[in-house]
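Novice: Just query-v2.csv, nothing more (CSV, C-alpha atoms):
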chain,number,residue,atom,x,y,z
X,1,GLY,CA,-14.4,130.4,116.3
X,2,ILE,CA,-11.6,128.8,114.3
X,3,GLN,CA,-8.0,129.5,115.3
X,4,VAL,CA,-5.7,130.4,112.4
X,5,GLU,CA,-1.9,130.5,113.0
X,6,GLN,CA,0.6,131.7,110.6
X,7,SER,CA,4.4,131.2,110.7
X,8,PRO,CA,6.9,132.6,110.6
X,9,PRO,CA,5.5,136.0,111.9
X,10,ASP,CA,8.4,137.8,110.3
X,11,LEU,CA,10.8,136.9,107.4
X,12,ILE,CA,13.6,138.8,105.8
X,13,LEU,CA,15.0,137.5,102.5
X,14,GLN,CA,17.7,138.4,100.1
X,15,GLU,CA,16.3,139.1,96.6
X,16,GLY,CA,16.3,135.8,94.6
X,17,ALA,CA,15.8,133.5,97.6
X,18,ASN,CA,12.9,131.1,98.1
X,19,SER,CA,10.5,130.9,101.1
X,20,THR,CA,7.6,128.9,102.5
X,21,LEU,CA,4.9,130.4,104.6
X,22,ARG,CA,2.6,128.2,106.6
X,23,CYS,CA,-1.0,128.5,107.8
X,24,ASN,CA,-2.5,126.1,110.4
X,25,PHE,CA,-6.2,126.1,111.3
X,26,SER,CA,-7.9,124.4,114.1
X,27,ASP,CA,-11.0,122.9,112.5
X,28,SER,CA,-12.5,121.8,109.2
X,29,VAL,CA,-13.1,124.7,106.7
X,30,ASN,CA,-15.1,125.2,103.6
X,31,ASN,CA,-12.6,127.4,101.8
X,32,LEU,CA,-9.2,129.1,102.2
X,33,GLN,CA,-7.7,132.2,100.6
X,34,TRP,CA,-4.2,133.6,100.6
X,35,PHE,CA,-3.8,137.4,100.3
X,36,HIS,CA,-0.8,139.8,100.0
X,37,GLN,CA,-1.3,143.1,101.7
X,38,ASN,CA,1.0,145.6,100.0
X,39,PRO,CA,2.6,148.6,101.7
X,40,TRP,CA,-0.3,150.8,100.8
X,41,GLY,CA,-2.7,148.4,102.6
X,42,GLN,CA,-4.5,146.9,99.6
X,43,LEU,CA,-5.3,143.2,100.0
X,44,ILE,CA,-4.5,141.4,96.8
X,45,ASN,CA,-5.9,137.9,96.1
X,46,LEU,CA,-3.3,135.3,95.6
X,47,PHE,CA,-5.0,132.0,95.8
X,48,TYR,CA,-8.5,130.6,96.5
X,49,ILE,CA,-7.5,127.1,97.5
X,50,PRO,CA,-9.7,124.9,99.7
X,51,SER,CA,-7.7,121.9,98.7
X,52,GLY,CA,-5.0,120.8,96.3
X,53,THR,CA,-2.2,122.7,94.7
X,54,LYS,CA,-2.2,125.8,92.5
X,55,GLN,CA,0.5,127.8,90.8
X,56,ASN,CA,0.7,131.3,89.5
X,57,GLY,CA,4.0,132.4,88.2
X,58,ARG,CA,6.6,132.4,91.0
X,59,LEU,CA,3.9,131.7,93.6
X,60,SER,CA,2.3,128.4,94.4
X,61,ALA,CA,0.1,127.1,97.2
X,62,THR,CA,-0.9,123.8,98.6
X,63,THR,CA,-3.7,123.1,101.0
X,64,VAL,CA,-4.1,119.7,102.9
X,65,ALA,CA,-7.5,120.1,104.3
X,66,THR,CA,-7.5,116.8,106.1
X,67,GLU,CA,-4.4,117.8,108.1
X,68,ARG,CA,-5.6,121.4,108.5
X,69,TYR,CA,-2.8,123.4,107.0
X,70,SER,CA,-1.8,125.3,103.9
X,71,LEU,CA,1.5,126.4,102.5
X,72,LEU,CA,2.4,129.3,100.3
X,73,TYR,CA,5.7,129.1,98.3
X,74,ILE,CA,7.5,132.1,96.9
X,75,SER,CA,10.3,131.4,94.6
X,76,SER,CA,13.0,133.8,93.3
X,77,SER,CA,11.7,136.6,95.6
X,78,GLN,CA,11.6,140.2,94.4
X,79,THR,CA,11.5,143.4,96.4
X,80,THR,CA,7.9,143.9,95.2
X,81,ASP,CA,7.0,140.7,97.2
X,82,SER,CA,7.5,142.7,100.4
X,83,GLY,CA,4.4,143.1,102.6
X,84,VAL,CA,2.2,141.0,104.8
X,85,TYR,CA,0.8,137.7,103.7
X,86,PHE,CA,-2.5,136.6,105.2
X,87,CYS,CA,-4.4,133.4,105.0
X,88,ALA,CA,-8.1,133.3,105.7
X,89,VAL,CA,-10.4,130.3,106.3
X,90,ASN,CA,-14.1,130.1,105.9
X,91,THR,CA,-16.7,128.3,107.8
X,92,GLY,CA,-20.4,129.2,107.7
X,93,ASN,CA,-20.7,132.9,107.1
X,94,GLN,CA,-17.4,134.1,108.5
X,95,PHE,CA,-13.8,134.2,107.2
X,96,TYR,CA,-11.2,134.0,110.0
X,97,PHE,CA,-7.8,135.6,109.3
X,98,GLY,CA,-4.4,134.7,110.7
X,99,THR,CA,-2.2,137.4,112.1
X,100,GLY,CA,0.0,137.3,109.0
X,101,THR,CA,3.6,136.9,107.9
X,102,SER,CA,5.5,140.1,107.4
X,103,LEU,CA,7.9,139.6,104.5
X,104,THR,CA,10.8,142.0,103.7
X,105,VAL,CA,12.8,141.3,100.6
X,106,ILE,CA,16.1,143.2,100.5
X,107,PRO,CA,18.0,143.9,97.2
D,1,GLY,CA,-14.7,145.3,85.5
D,2,ALA,CA,-14.7,147.6,88.5
D,3,GLY,CA,-13.6,146.3,91.8
D,4,VAL,CA,-14.9,147.0,95.3
D,5,SER,CA,-14.8,150.7,96.1
D,6,GLN,CA,-14.9,152.4,99.4
D,7,SER,CA,-15.3,156.0,100.5
D,8,PRO,CA,-14.0,158.1,102.0
D,9,SER,CA,-10.4,156.8,101.7
D,10,ASN,CA,-9.5,158.8,104.9
D,11,LYS,CA,-11.7,160.2,107.7
D,12,VAL,CA,-10.6,162.2,110.6
D,13,THR,CA,-13.2,162.9,113.3
D,14,GLU,CA,-13.5,164.1,116.8
D,15,LYS,CA,-14.4,161.9,119.7
D,16,GLY,CA,-18.1,161.7,120.1
D,17,LYS,CA,-19.0,162.4,116.5
D,18,ASP,CA,-20.9,159.9,114.2
D,19,VAL,CA,-19.3,158.7,111.0
D,20,GLU,CA,-20.6,156.8,107.9
D,21,LEU,CA,-18.4,154.7,105.8
D,22,ARG,CA,-19.5,153.5,102.3
D,23,CYS,CA,-18.8,150.3,100.3
D,24,ASP,CA,-19.8,149.6,96.7
D,25,PRO,CA,-19.3,145.9,96.0
D,26,ILE,CA,-18.5,144.3,92.7
D,27,SER,CA,-21.6,144.3,90.5
D,28,GLY,CA,-23.5,141.0,90.8
D,29,HIS,CA,-21.9,140.0,94.1
D,30,THR,CA,-24.5,139.0,96.6
D,31,ALA,CA,-22.3,138.7,99.7
D,32,LEU,CA,-20.7,141.6,101.4
D,33,TYR,CA,-18.4,141.7,104.4
D,34,TRP,CA,-17.0,144.4,106.7
D,35,TYR,CA,-13.8,144.0,108.6
D,36,ARG,CA,-11.7,146.2,110.8
D,37,GLN,CA,-7.9,146.2,110.9
D,38,SER,CA,-6.0,147.9,113.7
D,39,LEU,CA,-2.4,149.0,113.1
D,40,GLY,CA,-0.1,146.0,112.7
D,41,GLN,CA,-2.9,143.5,113.3
D,42,GLY,CA,-5.0,141.0,111.3
D,43,LEU,CA,-8.5,141.5,110.2
D,44,GLU,CA,-11.4,141.4,112.6
D,45,PHE,CA,-14.8,140.4,111.2
D,46,LEU,CA,-17.6,142.8,111.8
D,47,ILE,CA,-20.7,142.0,109.8
D,48,TYR,CA,-21.9,139.9,106.8
D,49,PHE,CA,-24.7,140.4,104.3
D,50,GLN,CA,-26.0,137.7,102.0
D,51,GLY,CA,-28.7,138.7,99.5
D,52,ASN,CA,-32.0,139.4,101.3
D,53,SER,CA,-31.2,137.4,104.4
D,54,ALA,CA,-30.8,138.9,107.8
D,55,PRO,CA,-27.2,140.0,108.3
D,56,ASP,CA,-24.8,138.2,110.5
D,57,LYS,CA,-23.9,141.0,113.1
D,58,SER,CA,-22.0,138.7,115.4
D,59,GLY,CA,-18.7,140.6,115.0
D,60,LEU,CA,-19.9,144.1,115.8
D,61,PRO,CA,-18.0,145.2,118.9
D,62,SER,CA,-20.7,147.4,120.4
D,63,ASP,CA,-24.2,148.8,119.8
D,64,ARG,CA,-22.5,152.0,118.6
D,65,PHE,CA,-21.8,150.1,115.3
D,66,SER,CA,-24.4,149.4,112.8
D,67,ALA,CA,-24.6,148.6,109.1
D,68,GLU,CA,-27.2,148.5,106.3
D,69,ARG,CA,-27.2,147.3,102.8
D,70,THR,CA,-29.7,149.0,100.5
D,71,GLY,CA,-31.1,147.2,97.4
D,72,GLY,CA,-28.7,144.4,97.9
D,73,SER,CA,-25.8,146.5,96.7
D,74,VAL,CA,-24.3,149.5,98.4
D,75,SER,CA,-23.5,149.2,102.1
D,76,THR,CA,-23.0,151.8,104.8
D,77,LEU,CA,-21.2,151.2,108.1
D,78,THR,CA,-22.2,153.7,110.8
D,79,ILE,CA,-20.2,154.3,114.0
D,80,GLN,CA,-22.0,156.5,116.5
D,81,ARG,CA,-20.3,158.5,119.3
D,82,THR,CA,-16.9,157.5,118.0
D,83,GLN,CA,-14.1,156.6,120.5
D,84,GLN,CA,-10.4,156.7,120.1
D,85,GLU,CA,-10.2,152.9,120.1
D,86,ASP,CA,-12.4,153.0,116.9
D,87,SER,CA,-9.4,154.3,115.0
D,88,ALA,CA,-8.5,151.6,112.4
D,89,VAL,CA,-8.8,150.8,108.7
D,90,TYR,CA,-12.2,149.6,107.8
D,91,LEU,CA,-12.2,147.1,104.9
D,92,CYS,CA,-15.1,145.9,102.8
D,93,ALA,CA,-15.1,142.8,100.7
D,94,SER,CA,-17.6,141.2,98.4
D,95,SER,CA,-18.1,137.7,96.9
D,96,LEU,CA,-20.3,136.2,94.3
D,97,ALA,CA,-22.0,134.1,96.9
D,98,GLY,CA,-21.7,133.6,100.6
D,99,THR,CA,-21.0,129.9,100.8
D,100,GLY,CA,-19.5,127.1,98.8
D,101,ARG,CA,-17.1,127.5,95.9
D,102,TYR,CA,-18.2,131.0,94.9
D,103,ASN,CA,-17.3,132.8,98.1
D,104,GLU,CA,-13.9,134.0,97.0
D,105,GLN,CA,-13.6,137.5,98.6
D,106,PHE,CA,-12.4,140.6,96.8
D,107,PHE,CA,-11.4,143.6,99.0
D,108,GLY,CA,-11.7,147.3,98.6
D,109,PRO,CA,-8.9,149.8,99.4
D,110,GLY,CA,-10.3,150.5,102.9
D,111,THR,CA,-11.2,153.6,104.8
D,112,ARG,CA,-8.6,154.8,107.3
D,113,LEU,CA,-10.5,156.3,110.3
D,114,THR,CA,-8.8,158.4,112.9
D,115,VAL,CA,-10.6,159.6,116.0
D,116,LEU,CA,-9.0,162.5,117.8
Before anything else, please render the file you have as structure tokens.

Specialist:
Amino acid sequence: GIQVEQSPPDLILQEGANSTLRCNFSDSVNNLQWFHQNPWGQLINLFYIPSGTKQNGRLSATTVATERYSLLYISSSQTTDSGVYFCAVNTGNQFYFGTGTSLTVIP
Amino acid sequence: GAGVSQSPSNKVTEKGKDVELRCDPISGHTALYWYRQSLGQGLEFLIYFQGNSAPDKSGLPSDRFSAERTGGSVSTLTIQRTQQEDSAVYLCASSLAGTGRYNEQFFGPGTRLTVL
């Protein structure tokens, strides 16, 4: 199956700081999603982004499918942004998940 | 509208017992996925249903695991003769379609299974 690598594995930010999370994948994919898993374990959809750039408030994402990576940008971070961020890529029937980036935003 | 729902939210069982976990997908979604997430880990694909097609069972870890989807809607994941290594959060997701641009997944809250 496809290998999905996320970096960094852990990130600690001061509230108000910006960050970039990266997702690399090893083969061509049909689709890509970014999720935020909150401290209660719920997976929240952030972006459905097989290619191009999307923005939603303080968050934006860019996927460069030809180079097999995607970036998630978080600006002006807030404590509520804490949690684990996953990217998942789809080929055929399956979605393959990375191991996540654990983000802690401190006040 | 209603999201994906799962029940029970928590299940504690003894080693060797059978358990059933339930998933209600979003109405109208034809694709349904089961995943397992062990503590501090990513998600592991288990099984995929798409409409009336035969399910993709390639992720099931052993023959103790099985799943069915009745009427193209509700799904049940069954684990027979549970083992301690089965302890995990079991997550269900659904999407409008299984492939192409309509396969954005939406997840339920999960069932936390603890095998003593």

Novice: Neighbouring residues of Cys23 in chain D were defined as those with any atom within 7 Å, considering all atoms listed in the file; residues of the same chain fewer than 6 positions away were excluded. Please report them as a list in words.

Specialist: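 What passes the distance filter is Ser5, Gln6, Ser7, Val74, Ser75, Thr76 and Cys92 of chain D.
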
Novice: Here is a test: counting only C-alpha atoms, which residue of X:Gly16, X:Pro107, X:Gly41, X:Gly52 is nearest to chain D?

Specialist: X:Gly41

Novice: CA of Gly57 in chain X to CA of Ser76 in chain X: how many Å, to one decimal?

Specialist: 10.4 Å

Novice: For a cut-off of 8 Å around (-23.2, 136.0, 102.6), file coordinates, pick out all residues using all atoms listed in the file and list them as a list in words.

Specialist: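 Output of the proximity query reads Asn93 of chain X; Thr30, Ala31, Leu32, Tyr33, Tyr48, Phe49, Gln50, Gly51, Ser95, Ala97, Gly98 and Thr99 of chain D.
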
Novice: Just how far from CA of His29 in chain D is CA of Asn52 in chain D, in Å to one decimal?

Specialist: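 Atom-to-atom, CA of Asn52 in chain D and CA of His29 in chain D are spaced 12.4 Å apart.
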
Novice: For chain D, which of X:Ser77, X:Ser60, X:Gln6, X:Ser70 is the closest residue, counting all atoms listed in the file?

Specialist: X:Gln6

Novice: When you draw a straight line from CA of Thr101 in chain X to CA of Thr63 in chain X, how long is it in Å?

Specialist: 17.1 Å

Novice: Would you tabulate, counting all atoms listed in the file, all residues of chain D that have an atom at most 9 Å from an atom of chain X, showing the closest pair of atoms and their distance in Å to one decimal, sorted by chain then ascending number, as JSON lines?

Specialist:
{"residue": "D:Tyr33", "atom": "CA", "partner": "X:Gln94", "partner_atom": "CA", "distance": 8.7}
{"residue": "D:Gly40", "atom": "CA", "partner": "X:Thr99", "partner_atom": "CA", "distance": 8.9}
{"residue": "D:Gln41", "atom": "CA", "partner": "X:Thr99", "partner_atom": "CA", "distance": 6.3}
{"residue": "D:Gly42", "atom": "CA", "partner": "X:Thr99", "partner_atom": "CA", "distance": 4.6}
{"residue": "D:Leu43", "atom": "CA", "partner": "X:Phe97", "partner_atom": "CA", "distance": 6.0}
{"residue": "D:Glu44", "atom": "CA", "partner": "X:Phe97", "partner_atom": "CA", "distance": 7.6}
{"residue": "D:Phe45", "atom": "CA", "partner": "X:Gln94", "partner_atom": "CA", "distance": 7.3}
{"residue": "D:Ile47", "atom": "CA", "partner": "X:Gln94", "partner_atom": "CA", "distance": 8.7}
{"residue": "D:Tyr48", "atom": "CA", "partner": "X:Asn93", "partner_atom": "CA", "distance": 7.1}
{"residue": "D:Phe49", "atom": "CA", "partner": "X:Asn93", "partner_atom": "CA", "distance": 8.9}
{"residue": "D:Gln50", "atom": "CA", "partner": "X:Asn93", "partner_atom": "CA", "distance": 8.8}
{"residue": "D:Asp56", "atom": "CA", "partner": "X:Asn93", "partner_atom": "CA", "distance": 7.5}
{"residue": "D:Val89", "atom": "CA", "partner": "X:Gly41", "partner_atom": "CA", "distance": 9.0}
{"residue": "D:Gly98", "atom": "CA", "partner": "X:Asn93", "partner_atom": "CA", "distance": 6.6}
{"residue": "D:Thr99", "atom": "CA", "partner": "X:Gly92", "partner_atom": "CA", "distance": 7.0}
{"residue": "D:Gly100", "atom": "CA", "partner": "X:Asn30", "partner_atom": "CA", "distance": 6.8}
{"residue": "D:Arg101", "atom": "CA", "partner": "X:Asn31", "partner_atom": "CA", "distance": 7.4}
{"residue": "D:Asn103", "atom": "CA", "partner": "X:Asn31", "partner_atom": "CA", "distance": 8.1}
{"residue": "D:Glu104", "atom": "CA", "partner": "X:Tyr48", "partner_atom": "CA", "distance": 6.4}
{"residue": "D:Gln105", "atom": "CA", "partner": "X:Asn45", "partner_atom": "CA", "distance": 8.1}
{"residue": "D:Phe106", "atom": "CA", "partner": "X:Asn45", "partner_atom": "CA", "distance": 7.1}
{"residue": "D:Phe107", "atom": "CA", "partner": "X:Leu43", "partner_atom": "CA", "distance": 6.2}
{"residue": "D:Gly108", "atom": "CA", "partner": "X:Gln42", "partner_atom": "CA", "distance": 7.3}
{"residue": "D:Pro109", "atom": "CA", "partner": "X:Gln42", "partner_atom": "CA", "distance": 5.3}
{"residue": "D:Gly110", "atom": "CA", "partner": "X:Gln42", "partner_atom": "CA", "distance": 7.6}

Novice: I'd like the neighbourhood of Ile74 in chain X as a list in words, where a residue qualifies if any of its atoms comes within 7 Å (using all atoms listed in the file), though same-chain residues fewer than 3 positions away should be ignored.

Specialist: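 Counting only the stated atoms, we get Asn18, Ser19, Thr20, Arg58, Leu59, Ser60 and Ser77 of chain X.
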
Novice: Those same residues, written as a PDB file, in the frame of the given file with C-alpha atoms?

Specialist:
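Contents of part17.pdb, freshly written:
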ATOM      1  CA  ASN X  18      12.900 131.100  98.100  1.00  0.00           C
ATOM      2  CA  SER X  19      10.500 130.900 101.100  1.00  0.00           C
ATOM      3  CA  THR X  20       7.600 128.900 102.500  1.00  0.00           C
ATOM      4  CA  ARG X  58       6.600 132.400  91.000  1.00  0.00           C
ATOM      5  CA  LEU X  59       3.900 131.700  93.600  1.00  0.00           C
ATOM      6  CA  SER X  60       2.300 128.400  94.400  1.00  0.00           C
ATOM      7  CA  SER X  77      11.700 136.600  95.600  1.00  0.00           C
TER       8      SER X  77
END

Novice: Hey, what's within 8 Å of Lys15 in chain D if we count all atoms listed in the file and toss same-chain stuff fewer than 4 positions away? As a list in words, please?

Specialist: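 Skipping anything fewer than 4 positions along the chain leaves Arg81, Thr82, Gln83, Gln84, Val115 and Leu116 of chain D.
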
Novice: Can you work out which one of D:Ala2, D:Ala67, D:Leu113, D:Leu46 has the shortest atom-to-atom distance to Glu14 in chain D, counting all atoms listed in the file?

Specialist: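 Smallest distance to Glu14 in chain D is found for D:Leu113.
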
Novice: Can you tell me, as JSON, numbers by chain, what residues are no more than 7 Å from Ser82 in chain X when counting only C-alpha atoms, ignoring any on the same chain fewer than 3 positions away?

Specialist: {"X": [79, 103, 104, 105]}

Novice: Looking at all atoms listed in the file, which of D:Ala88, D:Val19, D:Ile26, D:Leu60 is the one that sits closest to Gly3 in chain D?

Specialist: D:Ile26

Novice: Considering only C-alpha atoms, state which residue in the set X:Ser28, X:Gln78, X:Gln55, X:Val89 is at the smallest distance from Ile12 in chain X.

Specialist: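 Nearest candidate to Ile12 in chain X out of X:Ser28, X:Gln78, X:Gln55, X:Val89: X:Gln78.
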